[in-house]
>>> print(open('target08.cif').read())   # mmCIF, C-alpha atoms
data_model
#
loop_
_atom_site.label_atom_id
_atom_site.label_comp_id
_atom_site.auth_asym_id
_atom_site.auth_seq_id
_atom_site.Cartn_x
_atom_site.Cartn_y
_atom_site.Cartn_z
CA MET P 1 111.64 -78.59 -11.62
CA ARG P 2 111.81 -74.77 -11.56
CA THR P 3 109.93 -74.57 -14.85
CA GLU P 4 107.23 -76.87 -13.47
CA LEU P 5 106.85 -74.75 -10.33
CA ARG P 6 106.62 -71.56 -12.35
CA ASN P 7 103.92 -73.01 -14.62
CA ARG P 8 101.90 -74.26 -11.67
CA ALA P 9 102.14 -70.92 -9.88
CA LEU P 10 100.77 -69.18 -12.92
CA ALA P 11 97.83 -71.58 -12.86
CA GLY P 12 96.62 -70.03 -9.59
CA TYR P 13 98.12 -72.27 -6.93
CA ILE P 14 100.18 -71.60 -3.81
CA TRP P 15 103.00 -74.04 -3.15
CA ILE P 16 104.15 -74.52 0.44
CA PRO P 17 106.93 -76.86 1.62
CA ILE P 18 105.33 -79.83 3.38
CA HIS P 19 107.52 -79.43 6.47
CA LEU P 20 105.73 -76.13 7.21
CA VAL P 21 102.32 -77.79 7.58
CA ALA P 22 102.99 -81.43 8.36
CA ARG P 23 105.70 -81.37 11.00
CA HIS P 24 104.58 -84.61 12.65
CA GLU P 25 104.55 -86.75 9.48
CA PRO P 26 107.33 -89.30 8.87
CA ALA P 27 110.49 -87.87 7.35
CA THR P 28 109.81 -89.65 4.08
CA GLN P 29 106.64 -87.57 3.69
CA ARG P 30 108.29 -84.21 4.39
CA THR P 31 109.74 -83.80 0.94
CA GLY P 32 108.05 -82.27 -2.05
CA ILE P 33 105.42 -79.55 -2.14
CA LEU P 34 101.83 -79.11 -0.96
CA GLN P 35 99.21 -77.67 -3.26
CA LEU P 36 96.70 -75.05 -2.05
CA ASN P 37 94.24 -73.54 -4.50
CA LEU P 38 93.46 -69.81 -4.15
CA LYS P 39 89.83 -70.44 -5.02
CA GLN P 40 89.61 -72.85 -2.09
CA LEU P 41 91.01 -70.22 0.28
CA GLU P 42 88.69 -67.54 -1.12
CA THR P 43 85.73 -69.88 -0.67
CA PHE P 44 86.79 -70.69 2.90
CA VAL P 45 86.96 -66.98 3.77
CA TRP P 46 83.59 -66.16 2.22
CA VAL P 47 81.83 -69.07 3.93
CA ALA P 48 83.27 -67.77 7.21
CA ASN P 49 82.12 -64.22 6.37
CA LEU P 50 78.59 -65.16 5.32
CA GLY P 51 77.97 -68.24 7.45
CA SER P 52 76.23 -69.97 4.57
CA PHE P 53 77.19 -72.18 1.63
CA ARG P 54 74.18 -70.91 -0.34
CA ARG P 55 75.06 -67.24 0.11
CA THR P 56 78.71 -67.97 -0.68
CA ALA P 57 77.66 -69.68 -3.91
CA GLU P 58 75.63 -66.60 -4.84
CA ARG P 59 78.52 -64.32 -3.93
CA LEU P 60 81.08 -66.27 -5.99
CA ASN P 61 78.64 -66.89 -8.86
CA THR P 62 78.81 -70.66 -8.63
CA THR P 63 76.80 -73.56 -7.20
CA GLN P 64 76.53 -74.97 -3.69
CA PRO P 65 78.04 -78.31 -4.77
CA ASN P 66 81.10 -76.41 -6.04
CA ILE P 67 81.40 -74.60 -2.72
CA SER P 68 81.15 -77.89 -0.83
CA ALA P 69 83.73 -79.47 -3.13
CA ARG P 70 86.22 -76.64 -2.60
CA ILE P 71 85.88 -76.80 1.19
CA SER P 72 86.17 -80.58 1.19
CA ALA P 73 89.30 -80.41 -1.00
CA LEU P 74 90.87 -77.81 1.28
CA GLU P 75 90.12 -79.91 4.36
CA ALA P 76 91.62 -82.95 2.63
CA VAL P 77 94.84 -81.10 1.77
CA LEU P 78 95.20 -79.60 5.25
CA LYS P 79 93.96 -82.79 6.96
CA VAL P 80 91.77 -80.78 9.36
CA LYS P 81 88.06 -80.18 9.86
CA LEU P 82 87.44 -76.51 9.12
CA MET P 83 83.71 -76.21 9.76
CA GLU P 84 80.56 -77.94 10.90
CA ARG P 85 77.27 -77.70 8.97
CA ASP P 86 73.96 -77.91 10.80
CA ALA P 87 70.50 -77.25 9.29
CA GLY P 88 71.85 -74.84 6.71
CA SER P 89 74.09 -72.91 9.11
CA VAL P 90 77.88 -73.09 9.25
CA ARG P 91 80.10 -72.98 12.32
CA LEU P 92 83.88 -72.90 12.17
CA THR P 93 85.78 -75.40 14.27
CA THR P 94 88.49 -74.18 16.64
CA LYS P 95 91.09 -75.11 14.03
CA GLY P 96 89.01 -73.43 11.34
CA GLN P 97 89.00 -70.18 13.33
CA GLU P 98 92.77 -70.40 13.68
CA LEU P 99 93.42 -71.08 10.00
CA LEU P 100 90.93 -68.43 8.86
CA GLU P 101 93.33 -65.63 9.78
CA HIS P 102 96.10 -67.32 7.79
CA ALA P 103 93.78 -67.59 4.77
CA ARG P 104 92.89 -63.91 5.05
CA ARG P 105 96.57 -62.96 5.12
CA ILE P 106 97.34 -65.05 2.03
CA LEU P 107 94.50 -63.43 0.06
CA ARG P 108 95.50 -59.97 1.29
CA ALA P 109 99.11 -60.61 0.26
CA THR P 110 97.89 -61.59 -3.21
CA GLU P 111 95.94 -58.32 -3.43
CA ASP P 112 99.01 -56.39 -2.23
CA MET P 113 101.07 -57.99 -4.98
CA ILE P 114 98.50 -57.02 -7.63
CA GLU P 115 98.38 -53.48 -6.24
CA ALA P 116 102.19 -53.25 -6.28
CA SER P 117 102.17 -54.25 -9.93
CA ASN P 118 100.15 -51.09 -10.72
CA ASN P 119 97.80 -53.22 -12.78
CA ALA P 120 94.33 -52.85 -11.22
CA ALA P 121 92.88 -54.69 -14.23
CA LEU P 122 94.01 -57.90 -12.52
CA PHE P 123 91.40 -57.40 -9.80
CA ASP P 124 88.42 -59.55 -10.71
CA GLY P 125 85.26 -59.78 -8.61
CA VAL P 126 81.95 -58.28 -7.62
CA LEU P 127 81.32 -55.07 -5.70
CA ARG P 128 77.92 -55.13 -4.04
CA LEU P 129 77.18 -51.44 -3.69
CA GLY P 130 74.38 -49.86 -1.68
CA VAL P 131 73.46 -46.20 -2.19
CA THR P 132 70.70 -43.82 -1.16
CA GLU P 133 68.49 -42.09 -3.67
CA MET P 134 70.21 -38.74 -3.31
CA VAL P 135 73.50 -40.25 -4.47
CA VAL P 136 71.69 -41.70 -7.51
CA HIS P 137 70.42 -38.25 -8.49
CA THR P 138 73.74 -36.43 -7.98
CA TRP P 139 77.19 -38.03 -8.44
CA LEU P 140 76.62 -41.81 -8.76
CA ARG P 141 77.13 -41.81 -12.52
CA GLU P 142 80.54 -40.16 -12.22
CA PHE P 143 81.50 -42.56 -9.43
CA LEU P 144 80.61 -45.65 -11.48
CA LYS P 145 82.48 -44.25 -14.49
CA THR P 146 85.63 -43.60 -12.46
CA LEU P 147 85.39 -47.00 -10.76
CA LYS P 148 85.14 -48.72 -14.15
CA GLU P 149 88.24 -46.89 -15.37
CA ARG P 150 90.24 -48.00 -12.31
CA PHE P 151 88.87 -51.55 -12.10
CA PRO P 152 87.66 -52.64 -15.54
CA LYS P 153 86.95 -56.25 -14.46
CA ILE P 154 85.02 -55.44 -11.28
CA VAL P 155 81.26 -55.96 -11.71
CA VAL P 156 78.96 -53.68 -9.67
CA GLU P 157 75.70 -54.99 -8.25
CA LEU P 158 73.69 -51.94 -7.22
CA THR P 159 71.12 -51.62 -4.43
CA VAL P 160 69.20 -48.36 -3.96
CA ASP P 161 67.47 -48.13 -0.60
CA LEU P 162 66.88 -46.08 2.53
CA SER P 163 69.97 -45.48 4.65
CA VAL P 164 68.54 -47.45 7.58
CA ASN P 165 68.07 -50.49 5.33
CA LEU P 166 71.52 -50.16 3.80
CA GLU P 167 73.10 -50.27 7.23
CA LYS P 168 71.28 -53.51 8.01
CA GLU P 169 72.40 -55.03 4.70
CA LEU P 170 75.98 -53.92 5.32
CA PHE P 171 76.17 -55.74 8.66
CA GLU P 172 74.46 -58.80 7.17
CA ARG P 173 77.15 -58.80 4.44
CA SER P 174 74.51 -58.49 1.70
CA ILE P 175 76.44 -55.46 0.41
CA ASP P 176 80.16 -54.61 0.60
CA LEU P 177 80.02 -50.83 0.52
CA ALA P 178 77.28 -48.41 1.62
CA LEU P 179 77.17 -44.78 0.48
CA GLN P 180 74.77 -43.48 3.09
CA TYR P 181 73.99 -40.80 5.65
CA GLY P 182 73.74 -40.93 9.43
CA PRO P 183 72.93 -41.23 12.18
CA PHE P 184 74.25 -44.79 12.35
CA LYS P 185 73.35 -47.48 14.86
CA GLY P 186 76.57 -49.45 14.49
CA MET P 187 80.24 -48.73 13.87
CA THR P 188 82.23 -49.91 10.86
CA SER P 189 85.99 -50.44 10.72
CA GLY P 190 86.31 -48.54 7.44
CA SER P 191 84.79 -45.27 6.26
CA GLU P 192 85.41 -42.28 3.98
CA ASP P 193 83.80 -38.85 4.30
CA LEU P 194 81.44 -38.00 1.42
CA GLY P 195 80.46 -34.52 2.55
CA THR P 196 77.52 -32.75 4.13
CA TYR P 197 74.38 -31.83 2.19
CA ALA P 198 72.06 -29.03 3.31
CA MET P 199 68.28 -29.40 3.32
CA ILE P 200 65.99 -26.62 2.06
CA TRP P 201 62.24 -26.01 1.74
CA VAL P 202 60.90 -25.89 -1.81
CA ALA P 203 57.55 -25.50 -3.55
CA SER P 204 56.07 -24.94 -6.98
CA PRO P 205 55.80 -21.24 -7.88
CA ALA P 206 52.14 -21.97 -8.65
CA ILE P 207 51.43 -22.39 -4.94
CA GLY P 208 51.95 -18.68 -4.45
CA LEU P 209 54.36 -18.60 -1.51
CA ASN P 210 56.69 -15.67 -1.97
CA SER P 211 60.23 -17.04 -2.08
CA LYS P 212 61.65 -13.64 -1.07
CA THR P 213 59.58 -13.34 2.10
CA ARG P 214 60.00 -15.48 5.19
CA VAL P 215 56.99 -17.67 5.80
CA THR P 216 55.60 -18.85 9.14
CA MET P 217 54.78 -22.27 10.47
CA ASN P 218 51.12 -21.49 9.89
CA ASP P 219 51.89 -20.76 6.24
CA LEU P 220 53.61 -24.14 5.80
CA ALA P 221 50.94 -26.05 7.69
CA SER P 222 48.26 -24.77 5.34
CA TYR P 223 49.69 -27.08 2.64
CA PRO P 224 50.44 -30.81 2.60
CA ILE P 225 54.06 -31.28 3.72
CA LEU P 226 55.81 -33.80 1.50
CA THR P 227 58.64 -35.66 3.22
CA HIS P 228 60.90 -38.65 2.80
CA SER P 229 59.98 -42.06 4.28
CA ARG P 230 58.91 -42.51 7.90
CA ASP P 231 62.17 -44.39 8.55
CA THR P 232 64.33 -41.37 7.75
CA GLN P 233 65.85 -38.83 10.10
CA SER P 234 64.40 -35.90 8.17
CA PHE P 235 60.84 -37.23 8.57
CA LEU P 236 61.34 -37.59 12.34
CA GLU P 237 62.73 -34.06 12.59
CA VAL P 238 59.88 -32.54 10.56
CA THR P 239 57.33 -34.45 12.67
CA GLU P 240 58.88 -33.21 15.93
CA HIS P 241 59.10 -29.64 14.62
CA PHE P 242 55.41 -29.33 13.79
CA ALA P 243 54.39 -31.28 16.90
CA SER P 244 55.86 -28.43 18.98
CA ARG P 245 52.77 -26.41 18.13
CA HIS P 246 49.83 -28.15 19.81
CA ASP P 247 47.38 -25.67 18.30
CA LEU P 248 48.53 -26.54 14.79
CA SER P 249 47.57 -29.54 12.69
CA ALA P 250 50.09 -30.20 9.92
CA ARG P 251 49.45 -32.88 7.31
CA LEU P 252 52.64 -34.85 6.60
CA VAL P 253 52.77 -36.98 3.45
CA PRO P 254 55.78 -39.36 3.56
CA SER P 255 57.15 -41.07 0.46
CA SER P 256 59.75 -43.84 0.20
CA ASN P 257 60.81 -42.40 -3.17
CA LEU P 258 62.48 -38.98 -3.18
CA ALA P 259 62.05 -38.60 -6.94
CA ALA P 260 58.30 -39.09 -6.56
CA CYS P 261 58.29 -36.56 -3.75
CA LEU P 262 60.12 -34.11 -6.02
CA HIS P 263 57.63 -34.54 -8.87
CA MET P 264 54.66 -34.14 -6.52
CA THR P 265 56.18 -30.89 -5.28
CA MET P 266 56.71 -29.64 -8.83
CA ASN P 267 53.07 -30.45 -9.58
CA GLY P 268 51.92 -28.22 -6.73
CA MET P 269 50.69 -31.07 -4.53
CA GLY P 270 52.42 -29.65 -1.45
CA ILE P 271 55.67 -28.22 -0.12
CA ALA P 272 58.76 -30.28 0.66
CA THR P 273 62.11 -30.26 2.38
CA MET P 274 64.77 -31.74 0.08
CA PRO P 275 68.57 -31.90 -0.22
CA GLU P 276 69.55 -28.68 -2.00
CA VAL P 277 71.87 -30.46 -4.43
CA MET P 278 69.04 -32.69 -5.59
CA VAL P 279 66.77 -29.81 -6.63
CA ALA P 280 69.41 -27.43 -8.03
CA GLY P 281 68.30 -27.99 -11.62
CA GLU P 282 64.61 -27.41 -10.86
CA LEU P 283 65.45 -24.23 -8.92
CA ALA P 284 67.55 -22.94 -11.83
CA SER P 285 64.80 -23.68 -14.36
CA GLY P 286 62.11 -22.05 -12.23
CA GLU P 287 60.11 -25.26 -11.82
CA LEU P 288 60.65 -24.92 -8.07
CA CYS P 289 61.34 -21.99 -5.77
CA GLN P 290 63.06 -22.01 -2.41
CA ILE P 291 60.94 -21.12 0.59
CA GLU P 292 62.60 -18.93 3.21
CA TYR P 293 61.63 -20.53 6.51
CA GLU P 294 63.57 -20.15 9.75
CA TRP P 295 64.00 -23.88 10.36
CA VAL P 296 65.19 -26.81 8.24
CA PRO P 297 66.11 -30.40 9.16
CA GLU P 298 69.74 -31.17 9.95
CA SER P 299 72.09 -31.45 6.99
CA LEU P 300 72.79 -34.98 5.79
CA ARG P 301 76.32 -36.17 6.47
CA PHE P 302 77.30 -38.96 4.07
CA LEU P 303 79.94 -41.65 4.54
CA ALA P 304 81.23 -44.56 2.47
CA ARG P 305 81.17 -47.44 4.98
CA TYR P 306 82.68 -50.92 4.78
CA ASP P 307 84.42 -53.67 6.76
CA THR P 308 88.20 -53.45 6.38
CA LYS P 309 88.85 -56.98 7.65
CA LYS P 310 86.29 -58.94 5.64
CA SER P 311 86.17 -56.94 2.40
CA PRO P 312 88.41 -57.37 -0.65
CA LYS P 313 90.96 -54.59 -0.94
CA TYR P 314 89.22 -53.01 -3.93
CA VAL P 315 86.28 -52.14 -1.65
CA ALA P 316 88.47 -49.72 0.33
CA THR P 317 89.74 -48.23 -2.94
CA ALA P 318 86.14 -47.83 -4.15
CA ALA P 319 85.35 -45.92 -0.94
CA SER P 320 88.32 -43.61 -1.62
CA ILE P 321 87.07 -43.06 -5.18
CA ALA P 322 83.66 -42.14 -3.77
CA ASN P 323 85.37 -39.58 -1.55
CA GLU P 324 87.20 -38.07 -4.53
CA VAL P 325 84.07 -37.89 -6.70
CA ALA P 326 81.84 -36.52 -3.93
CA THR P 327 84.41 -33.85 -3.02
CA ARG P 328 84.64 -32.68 -6.64
CA PHE P 329 80.85 -32.63 -6.93
CA ILE P 330 80.40 -30.52 -3.79
CA ASP P 331 83.16 -28.10 -4.84
CA ASP P 332 81.59 -27.65 -8.29
CA PHE P 333 78.14 -27.17 -6.77
CA GLU P 334 79.34 -24.50 -4.34
CA GLN P 335 81.20 -22.64 -7.11
CA LYS P 336 78.11 -22.61 -9.35
CA LYS P 337 75.97 -21.47 -6.44
CA HIS P 338 78.40 -18.63 -5.68
CA ARG P 339 78.45 -17.53 -9.33
CA ASN P 340 74.66 -17.52 -9.51
CA LYS P 341 74.40 -15.30 -6.43
CA LYS P 342 76.65 -12.74 -8.12
CA LYS P 343 74.35 -12.47 -11.13
#
>>> encode(input="target08.cif", output="structure tokens")
Amino acid sequence: MRTELRNRALAGYIWIPIHLVARHEPATQRTGILQLNLKQLETFVWVANLGSFRRTAERLNTTQPNISARISALEAVLKVKLMERDAGSVRLTTKGQELLEHARRILRATEDMIEASNNAALFDGVLRLGVTEMVVHTWLREFLKTLKERFPKIVVELTVDLSVNLEKELFERSIDLALQYGPFKGMTSGSEDLGTYAMIWVASPAIGLNSKTRVTMNDLASYPILTHSRDTQSFLEVTEHFASRHDLSARLVPSSNLAACLHMTMNGMGIATMPEVMVAGELASGELCQIEYEWVPESLRFLARYDTKKSPKYVATAASIANEVATRFIDDFEQKKHRNKKK
């Protein structure tokens, strides 16, 4: 009997004495063991998280019929109705809401056991990661490399978008983890600090603005001002700044792609305000020069944001890894900057 139980446990099942879940059944039915499949519990939790069988199937890389079958099997074992389906939407029953917390605890306990084993290779799943463009052009590669070393079986699905869009996707559960900058409209239960990144004004040396002399607002307004997308905080700040001078007409040219904005600036098509870390290489090579102007947009404060209750445990660890990588990157950048000033 013990050998049979051990073999079944290894096959991915949880075995619970019947008297714990069927207290009102006849005594003759209270002996033996009750089989619960971890995949069924995982499916139950994700359907509750996403509110959709279709989205759960996409999340778990399977089909809707499989999702339906797992939920039906779980309901049959527990002898309860967990959820109601109506026109594509899913609503948990009162009993489903009650049992959901138990399912979450079982899955969390399984993750705790894997973590205690010091064998992160046992974690198997998908991390839907959302990042802004600045992260892509700075420390994303090192983050993905470190994540792969810690969790070799975790697959990353990457979304690169504006911070405002990433926040929406995070609350819709389209992504698990957002590496983004504020301000934020909503609060998340989990976050890690990723540092603050200063903005600077830059231009091509061919434009002729003297990088060693402070320029005026009139000087800047005489060129097209290349900015990030209209939905970004920096665009709003630049717009408000130049709007303070009613006698001045500044031409703002927004772009949803920071890399394109950078190349346009290097080609002398205007001046731009960019995160300093993103243009460090171009400044060092002389392809861009920094413009000394008395005002710049607020620095960008980045966070790794996620939902502690609904996310797998490796999401929180990924956020901590992002913190480690970002901290090292900022420290290295500041040291290089300090050494260059001494030369």
>>> closest_residue(input="target08.cif", among="P:Ser163, P:Leu60, P:Val90, P:Lys81", to="P:Ala48", atoms="only C-alpha atoms")
P:Val90
>>> residues_around(input="target08.cif", residues="stretch 263-274 of chain P", least_positions_apart="5", cutoff="9 Å", atoms="only C-alpha atoms", output="VMD selection string")
chain P and resid 198 to 207 220 223 to 228 234 238 253 258 279 282 287 to 288 291 296 to 297
>>> closest_residue(input="target08.cif", among="P:Pro65, P:Leu140, P:Glu298, P:Met278", to="P:Phe235", atoms="all atoms listed in the file")
P:Glu298
>>> resolve_selection(input="target08.cif", expression="the PyMOL selection byres ((chain P and resi 318) around 12)", output="PyMOL selection string")
chain P and resi 120+126-129+143-151+154+156+176-179+190-192+304-306+311-317+319-325
>>> atom_distance(input="target08.cif", atom1="atom CA of P:His241", atom2="atom CA of P:Asp219")
14.2 Å
>>> residues_near_point(input="target08.cif", point="(78.8, -32.7, -7.7)", cutoff="12 Å", atoms="all atoms listed in the file", output="number ranges by chain")
P: 134-143, 194-197, 276-278, 280, 322-337
>>> resolve_selection(input="target08.cif", expression="the PyMOL selection byres ((chain P and resi 104-119) around 9)", output="compact mmCIF listing (two decimals) with C-alpha atoms, in the coordinates of the input")
# COMPACT_ATOMS: atom_id res chain seq x y z
CA LEU P 38 93.46 -69.81 -4.15
CA LEU P 41 91.01 -70.22 0.28
CA GLU P 42 88.69 -67.54 -1.12
CA VAL P 45 86.96 -66.98 3.77
CA LEU P 99 93.42 -71.08 10.00
CA LEU P 100 90.93 -68.43 8.86
CA GLU P 101 93.33 -65.63 9.78
CA HIS P 102 96.10 -67.32 7.79
CA ALA P 103 93.78 -67.59 4.77
CA ALA P 120 94.33 -52.85 -11.22
CA ALA P 121 92.88 -54.69 -14.23
CA LEU P 122 94.01 -57.90 -12.52
CA PHE P 123 91.40 -57.40 -9.80
CA LYS P 309 88.85 -56.98 7.65
CA LYS P 310 86.29 -58.94 5.64
CA PRO P 312 88.41 -57.37 -0.65
CA LYS P 313 90.96 -54.59 -0.94
CA TYR P 314 89.22 -53.01 -3.93
>>> closest_residue(input="target08.cif", among="P:Glu292, P:Leu252, P:Ser89, P:Asn37", to="P:Leu209", atoms="only C-alpha atoms")
P:Glu292
>>> atom_distance(input="target08.cif", atom1="atom CA of P:Ala73", atom2="atom CA of P:Lys153")
27.8 Å
>>> residues_near_point(input="target08.cif", point="(75.8, -70.1, 4.9)", cutoff="12 Å", atoms="all atoms listed in the file", output="JSON, numbers by chain")
{"P": [43, 44, 45, 46, 47, 48, 49, 50, 51, 52, 53, 54, 55, 56, 57, 58, 59, 64, 67, 68, 83, 84, 85, 86, 87, 88, 89, 90, 91, 92, 172, 173]}
>>> residues_around(input="target08.cif", residues="P:Tyr293", least_positions_apart="6", cutoff="7 Å", atoms="all atoms listed in the file", output="list in words")
Arg214, Val215 and Thr216 of chain P
>>> atom_distance(input="target08.cif", atom1="atom CA of P:Glu167", atom2="atom CA of P:Leu303")
11.3 Å
>>> decode(input="target08.cif", residues="stretch 172-234 of chain P", atoms="C-alpha atoms", output="mmCIF file, in the first residue's frame")
data_model
loop_
_atom_site.group_PDB
_atom_site.id
_atom_site.type_symbol
_atom_site.label_atom_id
_atom_site.label_comp_id
_atom_site.auth_asym_id
_atom_site.auth_seq_id
_atom_site.Cartn_x
_atom_site.Cartn_y
_atom_site.Cartn_z
ATOM 1 C CA GLU P 172 -6.029 42.417 -17.069
ATOM 2 C CA ARG P 173 -3.661 39.509 -16.266
ATOM 3 C CA SER P 174 -2.292 39.515 -19.837
ATOM 4 C CA ILE P 175 1.197 39.769 -18.316
ATOM 5 C CA ASP P 176 2.560 38.533 -14.971
ATOM 6 C CA LEU P 177 5.356 41.013 -14.383
ATOM 7 C CA ALA P 178 5.801 44.604 -15.601
ATOM 8 C CA LEU P 179 9.173 46.376 -15.573
ATOM 9 C CA GLN P 180 7.899 49.914 -15.944
ATOM 10 C CA TYR P 181 8.062 53.496 -14.714
ATOM 11 C CA GLY P 182 5.491 55.671 -12.964
ATOM 12 C CA PRO P 183 3.323 57.437 -12.252
ATOM 13 C CA PHE P 184 0.908 54.541 -11.773
ATOM 14 C CA LYS P 185 -2.883 54.674 -11.730
ATOM 15 C CA GLY P 186 -3.350 51.536 -9.641
ATOM 16 C CA MET P 187 -1.580 49.779 -6.788
ATOM 17 C CA THR P 188 -0.067 46.304 -6.952
ATOM 18 C CA SER P 189 0.494 43.969 -4.013
ATOM 19 C CA GLY P 190 4.060 43.191 -5.089
ATOM 20 C CA SER P 191 6.872 45.423 -6.328
ATOM 21 C CA GLU P 192 10.665 45.766 -6.421
ATOM 22 C CA ASP P 193 12.611 48.997 -6.911
ATOM 23 C CA LEU P 194 14.523 49.133 -10.211
ATOM 24 C CA GLY P 195 16.135 52.527 -9.745
ATOM 25 C CA THR P 196 15.745 56.073 -11.004
ATOM 26 C CA TYR P 197 16.942 57.178 -14.447
ATOM 27 C CA ALA P 198 17.746 60.812 -15.227
ATOM 28 C CA MET P 199 16.601 62.513 -18.428
ATOM 29 C CA ILE P 200 18.920 64.772 -20.442
ATOM 30 C CA TRP P 201 18.711 66.903 -23.598
ATOM 31 C CA VAL P 202 20.758 65.666 -26.548
ATOM 32 C CA ALA P 203 21.387 66.653 -30.153
ATOM 33 C CA SER P 204 23.645 65.840 -33.063
ATOM 34 C CA PRO P 205 26.876 67.874 -33.032
ATOM 35 C CA ALA P 206 25.988 68.834 -36.617
ATOM 36 C CA ILE P 207 23.149 71.016 -35.344
ATOM 37 C CA GLY P 208 25.674 73.437 -33.927
ATOM 38 C CA LEU P 209 24.414 73.910 -30.376
ATOM 39 C CA ASN P 210 27.398 74.367 -28.106
ATOM 40 C CA SER P 211 27.276 71.605 -25.501
ATOM 41 C CA LYS P 212 29.449 73.666 -23.126
ATOM 42 C CA THR P 213 27.170 76.696 -23.116
ATOM 43 C CA ARG P 214 23.721 76.835 -21.574
ATOM 44 C CA VAL P 215 21.035 77.290 -24.174
ATOM 45 C CA THR P 216 17.716 79.117 -23.811
ATOM 46 C CA MET P 217 14.164 78.055 -24.467
ATOM 47 C CA ASN P 218 14.265 80.115 -27.649
ATOM 48 C CA ASP P 219 17.309 78.136 -28.783
ATOM 49 C CA LEU P 220 15.506 74.816 -28.254
ATOM 50 C CA ALA P 221 12.276 76.000 -29.848
ATOM 51 C CA SER P 222 14.110 76.876 -33.048
ATOM 52 C CA TYR P 223 14.466 73.125 -33.736
ATOM 53 C CA PRO P 224 11.922 70.295 -33.860
ATOM 54 C CA ILE P 225 11.692 68.775 -30.371
ATOM 55 C CA LEU P 226 11.665 64.988 -30.580
ATOM 56 C CA THR P 227 9.855 63.306 -27.703
ATOM 57 C CA HIS P 228 8.442 59.970 -26.636
ATOM 58 C CA SER P 229 4.787 59.061 -27.292
ATOM 59 C CA ARG P 230 1.895 61.345 -26.370
ATOM 60 C CA ASP P 231 0.850 58.835 -23.700
ATOM 61 C CA THR P 232 4.079 59.242 -21.732
ATOM 62 C CA GLN P 233 4.784 61.437 -18.741
ATOM 63 C CA SER P 234 7.840 63.001 -20.378
#
